[in-house]
$ cat coords-v5.csv   # CSV, C-alpha atoms
chain,number,residue,atom,x,y,z
A,1,MET,CA,19.7,18.9,-5.4
A,2,SER,CA,17.9,17.9,-2.3
A,3,ALA,CA,16.8,20.1,0.6
A,4,LEU,CA,19.0,18.0,2.9
A,5,LEU,CA,22.1,18.7,0.8
A,6,LEU,CA,21.3,22.4,0.8
A,7,VAL,CA,21.0,22.3,4.6
A,8,ALA,CA,24.3,20.5,4.9
A,9,ILE,CA,26.0,23.2,2.7
A,10,ALA,CA,24.4,25.9,4.8
A,11,LEU,CA,25.7,24.3,8.0
A,12,ILE,CA,29.2,24.0,6.6
A,13,THR,CA,29.1,27.6,5.6
A,14,TYR,CA,27.8,28.8,9.0
A,15,ALA,CA,30.3,26.5,10.9
A,16,SER,CA,33.2,28.1,8.9
A,17,ARG,CA,32.0,31.5,9.9
A,18,ALA,CA,31.4,30.7,13.5
A,19,ALA,CA,34.4,28.5,14.1
A,20,ALA,CA,36.9,31.3,14.7
A,21,VAL,CA,34.5,34.0,15.9
A,22,VAL,CA,32.9,31.8,18.6
A,23,LEU,CA,35.3,29.1,19.5
A,24,LEU,CA,38.7,30.9,19.3
A,25,PRO,CA,39.8,32.4,22.6
A,26,ARG,CA,41.1,36.0,22.5
A,27,PRO,CA,44.4,35.7,20.6
A,28,SER,CA,47.8,36.3,22.3
A,29,PRO,CA,49.4,39.7,21.6
A,30,ARG,CA,51.9,38.1,19.2
A,31,PHE,CA,49.1,36.4,17.3
A,32,GLU,CA,47.0,39.5,17.5
A,33,THR,CA,49.8,41.5,15.8
A,34,ILE,CA,49.9,39.0,12.9
A,35,LEU,CA,46.1,39.1,12.6
A,36,SER,CA,46.1,42.9,12.6
A,37,ARG,CA,48.3,42.8,9.5
A,38,ILE,CA,45.9,40.5,7.6
A,39,PRO,CA,43.0,42.9,6.5
A,40,THR,CA,44.9,45.2,4.2
A,41,PRO,CA,46.6,42.4,2.2
A,42,ILE,CA,43.3,40.5,2.0
A,43,PHE,CA,41.4,43.5,0.6
A,44,ALA,CA,44.2,44.1,-1.9
A,45,SER,CA,44.1,40.4,-2.9
A,46,LEU,CA,40.3,40.5,-3.2
A,47,ALA,CA,40.5,43.6,-5.4
A,48,THR,CA,43.1,41.8,-7.6
A,49,ALA,CA,40.9,38.6,-7.7
A,50,THR,CA,37.9,40.6,-8.9
A,51,LEU,CA,40.0,42.1,-11.7
A,52,LEU,CA,40.8,38.7,-13.1
A,53,SER,CA,38.4,36.4,-15.0
A,54,ASP,CA,38.3,32.6,-14.7
A,55,GLY,CA,41.1,32.1,-17.1
A,56,GLY,CA,43.4,34.6,-15.4
A,57,ALA,CA,42.8,37.3,-18.0
A,58,LEU,CA,42.0,40.8,-17.1
A,59,VAL,CA,38.3,41.9,-16.9
A,60,GLY,CA,36.8,44.5,-19.2
A,61,GLY,CA,38.2,48.0,-19.7
A,62,PRO,CA,35.5,49.9,-17.8
A,63,THR,CA,36.1,47.8,-14.6
A,64,LEU,CA,39.8,48.3,-14.9
A,65,ALA,CA,39.3,52.0,-15.3
A,66,ALA,CA,37.1,52.0,-12.3
A,67,ALA,CA,39.8,50.3,-10.3
A,68,ALA,CA,42.4,52.8,-11.5
A,69,GLY,CA,40.1,55.7,-10.5
A,70,ALA,CA,39.7,54.2,-7.0
A,71,LEU,CA,43.4,53.5,-6.8
A,72,LEU,CA,44.3,57.1,-7.7
A,73,LEU,CA,42.2,58.4,-4.8
A,74,SER,CA,43.1,55.7,-2.3
A,75,PRO,CA,45.9,57.8,-0.7
A,76,ALA,CA,43.0,60.0,0.7
A,77,ARG,CA,42.0,57.0,2.7
A,78,SER,CA,38.3,57.7,2.2
A,79,LEU,CA,35.8,55.1,1.0
A,80,LEU,CA,33.5,57.7,-0.5
A,81,LEU,CA,36.4,59.3,-2.5
A,82,CYS,CA,37.4,55.8,-3.8
A,83,LEU,CA,33.8,55.2,-4.8
A,84,ILE,CA,33.7,58.5,-6.6
A,85,GLY,CA,37.0,57.8,-8.3
A,86,GLY,CA,35.7,54.4,-9.3
A,87,ALA,CA,32.5,55.9,-10.8
A,88,VAL,CA,34.5,58.5,-12.8
A,89,GLY,CA,36.9,55.8,-13.9
A,90,TYR,CA,34.0,53.5,-15.0
A,91,ALA,CA,32.3,56.3,-16.9
A,92,ALA,CA,35.6,57.2,-18.6
A,93,GLY,CA,36.3,53.6,-19.4
A,94,THR,CA,32.8,53.2,-20.9
A,95,LEU,CA,33.1,56.3,-23.0
A,96,LEU,CA,36.6,55.5,-24.3
A,97,GLY,CA,35.8,51.8,-24.8
B,1,MET,CA,18.3,43.6,27.7
B,2,ALA,CA,21.9,44.8,27.9
B,3,ARG,CA,22.3,44.0,24.3
B,4,VAL,CA,19.2,45.9,23.3
B,5,ARG,CA,20.2,48.9,25.4
B,6,GLY,CA,23.7,48.7,23.8
B,7,LEU,CA,22.3,48.9,20.3
B,8,SER,CA,19.8,51.7,20.9
B,9,THR,CA,22.2,54.0,22.8
B,10,PRO,CA,25.6,53.7,21.3
B,11,PRO,CA,28.6,55.0,23.2
B,12,PRO,CA,30.6,57.8,21.5
B,13,ALA,CA,32.7,56.9,18.4
B,14,VAL,CA,30.4,54.0,17.6
B,15,PRO,CA,28.8,54.5,14.2
B,16,SER,CA,25.1,55.0,14.1
B,17,ILE,CA,22.8,52.4,12.4
B,18,ARG,CA,21.9,55.0,9.7
B,19,SER,CA,25.6,55.7,8.9
B,20,ILE,CA,26.4,51.9,8.7
B,21,VAL,CA,23.4,51.3,6.4
B,22,ALA,CA,24.4,54.3,4.2
B,23,LEU,CA,28.0,53.1,4.0
B,24,SER,CA,26.7,49.6,3.0
B,25,LEU,CA,24.2,50.8,0.3
B,26,PRO,CA,26.6,50.8,-2.7
B,27,ALA,CA,27.7,47.3,-1.9
B,28,ALA,CA,24.1,46.3,-1.2
B,29,ALA,CA,23.0,47.6,-4.7
B,30,ALA,CA,25.8,45.5,-6.3
B,31,VAL,CA,24.9,42.5,-4.2
B,32,ALA,CA,21.2,42.8,-5.2
B,33,VAL,CA,22.2,42.8,-8.9
B,34,PHE,CA,24.2,39.6,-8.4
B,35,GLY,CA,21.4,38.2,-6.3
B,36,SER,CA,19.0,38.6,-9.2
B,37,LEU,CA,21.5,37.0,-11.6
B,38,TYR,CA,21.8,34.1,-9.1
B,39,GLY,CA,18.0,33.8,-8.9
B,40,VAL,CA,17.8,33.6,-12.7
B,41,ALA,CA,20.7,31.0,-12.9
B,42,ALA,CA,19.6,28.9,-10.0
B,43,ARG,CA,15.9,28.7,-10.7
B,44,GLY,CA,16.4,26.1,-13.5
B,45,PHE,CA,18.5,23.8,-11.3
B,46,LEU,CA,17.0,24.2,-7.9
B,47,GLY,CA,13.5,25.3,-8.5
B,48,VAL,CA,12.0,28.4,-6.9
B,49,PRO,CA,11.7,27.2,-3.2
B,50,LEU,CA,15.2,25.8,-3.0
B,51,THR,CA,16.7,28.8,-4.8
B,52,LEU,CA,15.1,31.1,-2.2
B,53,ALA,CA,16.1,28.8,0.6
B,54,SER,CA,19.7,28.7,-0.5
B,55,SER,CA,20.0,32.5,-0.3
B,56,LEU,CA,18.2,32.6,3.0
B,57,LEU,CA,20.4,29.9,4.6
B,58,VAL,CA,23.7,30.0,2.8
B,59,TYR,CA,24.1,33.8,2.1
B,60,SER,CA,27.4,33.4,0.1
B,61,GLY,CA,27.4,34.6,-3.4
B,62,ALA,CA,30.7,32.9,-4.4
B,63,LEU,CA,29.6,29.5,-3.1
B,64,GLN,CA,26.0,29.7,-4.4
B,65,PHE,CA,27.3,30.6,-8.0
B,66,ALA,CA,29.8,27.7,-7.7
B,67,MET,CA,26.9,25.4,-6.6
B,68,VAL,CA,24.9,26.4,-9.7
B,69,ALA,CA,28.0,25.8,-12.0
B,70,LEU,CA,28.6,22.4,-10.4
B,71,LEU,CA,24.9,21.4,-10.8
B,72,GLY,CA,25.1,22.5,-14.4
B,73,ALA,CA,28.0,20.2,-14.9
B,74,GLY,CA,26.0,17.3,-13.3
B,75,ALA,CA,28.0,17.2,-10.0
B,76,ALA,CA,26.8,14.9,-7.2
B,77,ALA,CA,26.6,15.7,-3.5
B,78,LEU,CA,30.2,15.1,-2.6
B,79,PRO,CA,31.8,17.6,-5.0
B,80,LEU,CA,29.2,20.2,-3.8
B,81,LEU,CA,30.1,19.5,-0.2
B,82,LEU,CA,33.9,19.6,-0.9
B,83,THR,CA,33.5,22.9,-2.8
B,84,ALA,CA,31.6,24.4,0.1
B,85,GLY,CA,34.3,23.3,2.5
B,86,VAL,CA,37.1,24.8,0.4
B,87,LEU,CA,35.4,28.0,-0.5
B,88,ASN,CA,34.5,28.6,3.1
B,89,LEU,CA,38.0,28.2,4.4
B,90,ARG,CA,38.6,31.9,4.1
B,91,HIS,CA,36.0,32.5,6.8
B,92,LEU,CA,38.4,31.0,9.3
B,93,VAL,CA,40.9,33.7,8.6
B,94,LEU,CA,38.4,36.5,8.5
B,95,GLY,CA,36.8,35.3,11.7
B,96,ALA,CA,40.2,35.0,13.5
B,97,ALA,CA,41.0,38.6,12.4
B,98,LEU,CA,37.7,39.8,13.8
B,99,ARG,CA,37.8,37.7,17.0
B,100,SER,CA,40.5,39.8,18.5
B,101,ARG,CA,38.2,42.9,18.3
B,102,PHE,CA,35.1,41.3,19.6
B,103,GLU,CA,34.2,41.8,23.3
B,104,SER,CA,30.7,40.2,23.6
B,105,GLY,CA,29.9,36.7,24.7
B,106,PRO,CA,29.8,33.5,22.6
B,107,LEU,CA,26.0,33.7,22.0
B,108,ARG,CA,26.1,37.1,20.5
B,109,ARG,CA,29.3,36.2,18.5
B,110,ALA,CA,27.5,33.2,17.2
B,111,MET,CA,24.7,35.4,15.9
B,112,LEU,CA,27.2,37.9,14.4
B,113,ALA,CA,29.1,35.1,12.7
B,114,PHE,CA,26.2,34.5,10.2
B,115,PHE,CA,26.8,38.0,8.7
B,116,LEU,CA,30.5,37.4,8.1
B,117,VAL,CA,31.1,37.9,4.4
B,118,ASP,CA,34.0,39.6,2.6
B,119,GLU,CA,32.3,43.0,2.4
B,120,THR,CA,31.0,43.1,5.9
B,121,PHE,CA,34.4,42.0,7.2
B,122,GLY,CA,35.8,45.0,5.5
B,123,PHE,CA,33.2,47.4,6.8
B,124,ALA,CA,33.6,46.1,10.4
B,125,ILE,CA,37.4,46.3,10.3
B,126,ALA,CA,37.3,49.9,8.9
B,127,ALA,CA,34.8,50.9,11.7
B,128,GLY,CA,37.0,49.4,14.3
B,129,ASN,CA,40.0,51.2,13.0
B,130,ALA,CA,38.2,54.5,13.0
B,131,ALA,CA,36.8,54.0,16.6
B,132,GLU,CA,38.4,55.1,19.9
B,133,PRO,CA,40.4,52.3,21.5
B,134,ARG,CA,37.7,51.7,24.1
B,135,ALA,CA,35.0,51.5,21.4
B,136,VAL,CA,36.7,49.2,18.9
B,137,GLY,CA,34.7,46.1,19.9
B,138,ALA,CA,31.3,47.8,19.9
B,139,ALA,CA,32.0,49.6,16.6
B,140,THR,CA,33.2,46.4,14.9
B,141,GLU,CA,30.3,44.3,16.2
B,142,ARG,CA,27.7,46.9,15.4
B,143,THR,CA,29.0,47.5,11.9
B,144,LEU,CA,29.2,43.7,11.2
B,145,LEU,CA,25.6,43.3,12.3
B,146,TYR,CA,24.0,46.2,10.4
B,147,SER,CA,26.1,46.0,7.3
B,148,GLY,CA,25.5,42.3,7.3
B,149,LEU,CA,21.7,42.8,7.6
B,150,THR,CA,21.8,45.3,4.8
B,151,LEU,CA,23.6,43.0,2.4
B,152,TYR,CA,21.6,40.0,3.5
B,153,VAL,CA,18.3,41.8,2.7
B,154,ALA,CA,19.8,42.9,-0.6
B,155,TRP,CA,20.9,39.4,-1.5
B,156,ILE,CA,17.4,38.0,-0.7
B,157,VAL,CA,15.6,40.8,-2.6
B,158,GLY,CA,17.9,40.3,-5.6
B,159,THR,CA,17.3,36.5,-5.5
B,160,VAL,CA,13.5,37.1,-5.4
B,161,VAL,CA,13.7,39.5,-8.3
B,162,GLY,CA,15.7,36.9,-10.2
B,163,VAL,CA,13.4,33.9,-9.6
B,164,LEU,CA,10.5,36.1,-10.7
B,165,GLY,CA,12.3,36.6,-14.0
B,166,GLY,CA,13.7,40.1,-13.4
B,167,GLY,CA,17.4,39.5,-13.7
B,168,LEU,CA,19.3,42.8,-13.8
B,169,ALA,CA,21.8,41.8,-16.4
B,170,ALA,CA,21.8,45.3,-17.9
B,171,VAL,CA,23.7,46.6,-14.9
B,172,GLU,CA,25.9,43.6,-14.3
B,173,GLY,CA,29.0,45.3,-15.6
B,174,LEU,CA,28.5,48.3,-13.4
B,175,ALA,CA,27.8,46.1,-10.3
B,176,GLY,CA,30.8,44.0,-11.1
B,177,ALA,CA,33.0,47.1,-11.2
B,178,LEU,CA,31.9,48.1,-7.8
B,179,PHE,CA,33.6,45.2,-6.0
B,180,PRO,CA,37.3,46.0,-6.9
B,181,VAL,CA,36.6,49.6,-6.2
B,182,LEU,CA,35.1,48.7,-2.8
B,183,PHE,CA,38.0,46.5,-1.9
B,184,ILE,CA,40.6,49.1,-2.9
B,185,GLY,CA,38.8,51.6,-0.7
B,186,LEU,CA,38.7,49.2,2.2
B,187,ALA,CA,42.4,48.4,1.7
B,188,ALA,CA,43.1,52.1,1.9
B,189,LEU,CA,41.1,52.5,5.1
B,190,ALA,CA,42.7,49.5,6.7
B,191,ALA,CA,46.3,50.5,5.8
B,192,ARG,CA,47.6,52.4,8.8
B,193,LYS,CA,51.3,51.9,8.3
B,194,ARG,CA,53.7,51.9,5.3
B,195,SER,CA,54.4,48.3,5.9
B,196,HIS,CA,50.6,47.5,5.5
B,197,VAL,CA,50.8,49.0,2.0
B,198,VAL,CA,53.9,47.0,1.1
B,199,ARG,CA,52.2,43.8,2.3
B,200,ALA,CA,49.1,44.7,0.3
B,201,LEU,CA,51.1,45.1,-2.9
B,202,ALA,CA,52.9,41.8,-2.2
B,203,ALA,CA,49.5,40.0,-1.6
B,204,ALA,CA,48.1,41.5,-4.8
B,205,LEU,CA,51.0,40.2,-6.8
B,206,LEU,CA,50.8,36.8,-5.1
B,207,THR,CA,47.1,36.5,-5.9
B,208,ALA,CA,47.7,37.4,-9.5
B,209,ALA,CA,50.4,34.8,-9.7
B,210,VAL,CA,48.2,32.1,-8.2
B,211,ALA,CA,45.3,33.1,-10.5
B,212,LEU,CA,47.6,32.7,-13.5
B,213,LEU,CA,49.6,29.6,-12.5
B,214,LEU,CA,47.0,27.7,-10.4
B,215,PRO,CA,43.6,28.9,-11.6
B,216,ASP,CA,41.7,26.2,-9.7
B,217,LEU,CA,42.9,27.9,-6.4
B,218,ARG,CA,41.8,31.3,-7.6
B,219,MET,CA,38.9,31.5,-5.1
B,220,ILE,CA,41.0,30.9,-2.0
B,221,ALA,CA,44.1,32.7,-3.3
B,222,PRO,CA,43.2,36.1,-1.6
B,223,VAL,CA,43.1,34.7,1.9
B,224,VAL,CA,46.1,32.5,1.4
B,225,ALA,CA,48.1,35.5,0.0
B,226,GLY,CA,46.8,37.7,2.9
B,227,VAL,CA,48.0,35.2,5.5
B,228,VAL,CA,51.3,34.5,3.8
B,229,VAL,CA,52.3,38.2,3.6
B,230,ALA,CA,51.1,38.9,7.2
B,231,LEU,CA,53.4,36.3,8.8
B,232,PRO,CA,56.9,37.7,8.3
B,233,GLY,CA,58.2,40.4,10.6
B,234,GLY,CA,58.3,41.0,14.3
B,235,ASP,CA,56.0,43.2,16.5
B,236,GLU,CA,55.4,46.5,14.7

$ encode --input "coords-v5.csv" --output "C-alpha cells"
Amino acid sequence: MSALLLVAIALITYASRAAAVVLLPRPSPRFETILSRIPTPIFASLATATLLSDGGALVGGPTLAAAAGALLLSPARSLLLCLIGGAVGYAAGTLLG
Amino acid sequence: MARVRGLSTPPPAVPSIRSIVALSLPAAAAVAVFGSLYGVAARGFLGVPLTLASSLLVYSGALQFAMVALLGAGAAALPLLLTAGVLNLRHLVLGAALRSRFESGPLRRAMLAFFLVDETFGFAIAAGNAAEPRAVGAATERTLLYSGLTLYVAWIVGTVVGVLGGGLAAVEGLAGALFPVLFIGLAALAARKRSHVVRALAAALLTAAVALLLPDLRMIAPVVAGVVVALPGGDE
C-alpha cells in the first residue's frame, strides 16, 4: 500500500464526514424532525451490530451479559448506570461462562 | 478569538471540558485497546510509518481494520477505495443529524467534522439533548470536539503501543463488550419519546435481519436501518 493510496483513503473519509456537516444548509423543520428521530435507532442498531459476529452469529456470553446488564438499567436513562450494569453483566457472564 | 473565548468560558448548561473527557474515558480505553490490536495487525502490511500515518489521518477503526483485512487478501487499490467509500457512507447521515444542531460557521464545522465517529456522535447528541434550548449548539459542538480529541489521542496511543509490539489482546474481550454497552446507554439517553423506543427496537430488528440475510452489508446496516425507521410518521 502506497502513501498516496493512504492519503486518498484519508481524504475520502474526511470528505464523508465534512460533506453534511459543512456543505448542508440548516435543514427545513420537516427534515429536522426526521433527523431528530435518527440517533436513537442508530444507537440501537450499532449496539445490535456489535453483538453479531461476521457470520451473523451472536458474540460471546460475557459480552451478551454485559449488554443485558446495560439494557436492564437503560430505563434510568443514565450512561453511568448503563456502564455499571454492563460491568456487572460482564463479570457475571465471565463467572458463569 | 471569539472561538477561544467561547471555549474557555462556556455559557451555562454547556458541559465542561473535564466532564466531557471523563464521559469519554471508558470509550477511550476501549478505543486504545483496539488501536493496539490495529497496530499489531497493520504493522506487517503497512510498515510502522504508514501504520501510524493511517491512524493519524484516517481515524476510523472500522475502515482501518477493513483495510488490513483487504490487504491480507491481496486487494489492489480500487477495492480499498470502494470499501472506504461504502464504509464512510454512514458519516453522511450522522453529519446531517448533527448539522441541524450546529451554529458555528463553515470553517469551524470543517474542523469539527474530522472528529465525527460513531461514539463522538453519540456523546454530542446526548450533550445537546441535555442542554438548555439556547445552548444546544454550543454543547453539541464542544462535546464533539473534546470527546473527539480524547478518542483520537486514545486511538493514536493504542496504535503506537501496537506497532511497538504491545498489543493488548488480553483485554480485547472486555474492550469489545464496552461498545454495545455504550451504544445501549447512548440510545437510552437519546430516547425522549415512546416512539423513539419503538423505532429503536424496529431498527435493531432490521439490523439483525440484514446481518443474517445480507452479511456483506453488515457494516452499513445500522445507518440504513436508522434512516428507514426514522422516515415514517408526521411531525411529532

$ atom_distance --input "coords-v5.csv" --atom1 "CA of Ala221 in chain B" --atom2 "CA of Val86 in chain B"
11.2 Å

$ closest_residue --input "coords-v5.csv" --among "A:Leu96, A:Leu73, A:Leu79, A:Ala68" --to "chain B" --atoms "all atoms listed in the file"
A:Leu79

$ residues_near_point --input "coords-v5.csv" --point "(21.0, 20.3, -5.7)" --cutoff "7 Å" --atoms "only C-alpha atoms" --output "tab-separated table (two decimals) with C-alpha atoms, in the coordinates of the input"
chain	number	residue	atom	x	y	z
A	1	MET	CA	19.70	18.90	-5.40
A	2	SER	CA	17.90	17.90	-2.30
A	5	LEU	CA	22.10	18.70	0.80
A	6	LEU	CA	21.30	22.40	0.80
B	46	LEU	CA	17.00	24.20	-7.90
B	71	LEU	CA	24.90	21.40	-10.80

$ interface_residues --input "coords-v5.csv" --of "chain B" --to "chain A" --cutoff "6 Å" --atoms "only C-alpha atoms" --output "number ranges by chain"
B: 57-58, 88, 91-92, 95-97, 99-100, 106, 109-110, 113, 177, 180-181, 183, 185, 187-191, 199-200, 203-204, 207, 211-212, 222-223, 226, 230

$ atom_distance --input "coords-v5.csv" --atom1 "CA of Pro133 in chain B" --atom2 "CA of Ala13 in chain B"
9.5 Å

$ residues_around --input "coords-v5.csv" --residues "Thr140 in chain B" --least-positions-apart "3" --cutoff "12 Å" --atoms "all atoms listed in the file" --output "ChimeraX atom specification"
/B:13-16,20,97-104,109,112,116,120-137,143-148

$ closest_residue --input "coords-v5.csv" --among "B:Leu149, B:Val210, B:Ser54, B:Gly173" --to "Gly93 in chain A" --atoms "only C-alpha atoms"
B:Gly173

$ atom_distance --input "coords-v5.csv" --atom1 "CA of Gly158 in chain B" --atom2 "CA of Arg90 in chain B"
24.4 Å

$ build_atoms --input "coords-v5.csv" --residues "range 189-204 of chain B" --atoms "N, CA and C atoms" --output "PDB file, keeping the file's coordinate frame"
ATOM      1  N   LEU B 189      41.508  52.168   3.696  1.00  0.00           N
ATOM      2  CA  LEU B 189      41.100  52.500   5.100  1.00  0.00           C
ATOM      3  C   LEU B 189      41.831  51.632   6.090  1.00  0.00           C
ATOM      4  N   ALA B 190      42.085  50.389   5.740  1.00  0.00           N
ATOM      5  CA  ALA B 190      42.700  49.500   6.700  1.00  0.00           C
ATOM      6  C   ALA B 190      44.218  49.716   6.828  1.00  0.00           C
ATOM      7  N   ALA B 191      44.823  50.324   5.810  1.00  0.00           N
ATOM      8  CA  ALA B 191      46.300  50.500   5.800  1.00  0.00           C
ATOM      9  C   ALA B 191      46.625  51.690   6.742  1.00  0.00           C
ATOM     10  N   ARG B 192      47.264  51.361   7.855  1.00  0.00           N
ATOM     11  CA  ARG B 192      47.600  52.400   8.800  1.00  0.00           C
ATOM     12  C   ARG B 192      49.122  52.644   8.889  1.00  0.00           C
ATOM     13  N   LYS B 193      49.885  51.770   8.237  1.00  0.00           N
ATOM     14  CA  LYS B 193      51.300  51.900   8.300  1.00  0.00           C
ATOM     15  C   LYS B 193      51.866  51.650   6.850  1.00  0.00           C
ATOM     16  N   ARG B 194      53.058  52.170   6.586  1.00  0.00           N
ATOM     17  CA  ARG B 194      53.700  51.900   5.300  1.00  0.00           C
ATOM     18  C   ARG B 194      53.846  50.428   5.040  1.00  0.00           C
ATOM     19  N   SER B 195      54.163  49.696   6.108  1.00  0.00           N
ATOM     20  CA  SER B 195      54.400  48.300   5.900  1.00  0.00           C
ATOM     21  C   SER B 195      53.084  47.560   5.492  1.00  0.00           C
ATOM     22  N   HIS B 196      51.913  48.103   5.900  1.00  0.00           N
ATOM     23  CA  HIS B 196      50.600  47.500   5.500  1.00  0.00           C
ATOM     24  C   HIS B 196      50.516  47.652   3.933  1.00  0.00           C
ATOM     25  N   VAL B 197      50.936  48.795   3.408  1.00  0.00           N
ATOM     26  CA  VAL B 197      50.800  49.000   2.000  1.00  0.00           C
ATOM     27  C   VAL B 197      51.767  48.066   1.219  1.00  0.00           C
ATOM     28  N   VAL B 198      52.978  47.897   1.765  1.00  0.00           N
ATOM     29  CA  VAL B 198      53.900  47.000   1.100  1.00  0.00           C
ATOM     30  C   VAL B 198      53.375  45.562   1.131  1.00  0.00           C
ATOM     31  N   ARG B 199      52.817  45.151   2.268  1.00  0.00           N
ATOM     32  CA  ARG B 199      52.200  43.800   2.300  1.00  0.00           C
ATOM     33  C   ARG B 199      51.053  43.670   1.380  1.00  0.00           C
ATOM     34  N   ALA B 200      50.270  44.732   1.247  1.00  0.00           N
ATOM     35  CA  ALA B 200      49.100  44.700   0.300  1.00  0.00           C
ATOM     36  C   ALA B 200      49.567  44.496  -1.103  1.00  0.00           C
ATOM     37  N   LEU B 201      50.604  45.219  -1.490  1.00  0.00           N
ATOM     38  CA  LEU B 201      51.100  45.100  -2.900  1.00  0.00           C
ATOM     39  C   LEU B 201      51.653  43.652  -3.077  1.00  0.00           C
ATOM     40  N   ALA B 202      52.354  43.128  -2.076  1.00  0.00           N
ATOM     41  CA  ALA B 202      52.900  41.800  -2.200  1.00  0.00           C
ATOM     42  C   ALA B 202      51.738  40.758  -2.316  1.00  0.00           C
ATOM     43  N   ALA B 203      50.678  40.954  -1.527  1.00  0.00           N
ATOM     44  CA  ALA B 203      49.500  40.000  -1.600  1.00  0.00           C
ATOM     45  C   ALA B 203      48.831  40.105  -2.934  1.00  0.00           C
ATOM     46  N   ALA B 204      48.713  41.315  -3.468  1.00  0.00           N
ATOM     47  CA  ALA B 204      48.100  41.500  -4.800  1.00  0.00           C
ATOM     48  C   ALA B 204      48.858  40.736  -5.855  1.00  0.00           C
TER      49      ALA B 204
END
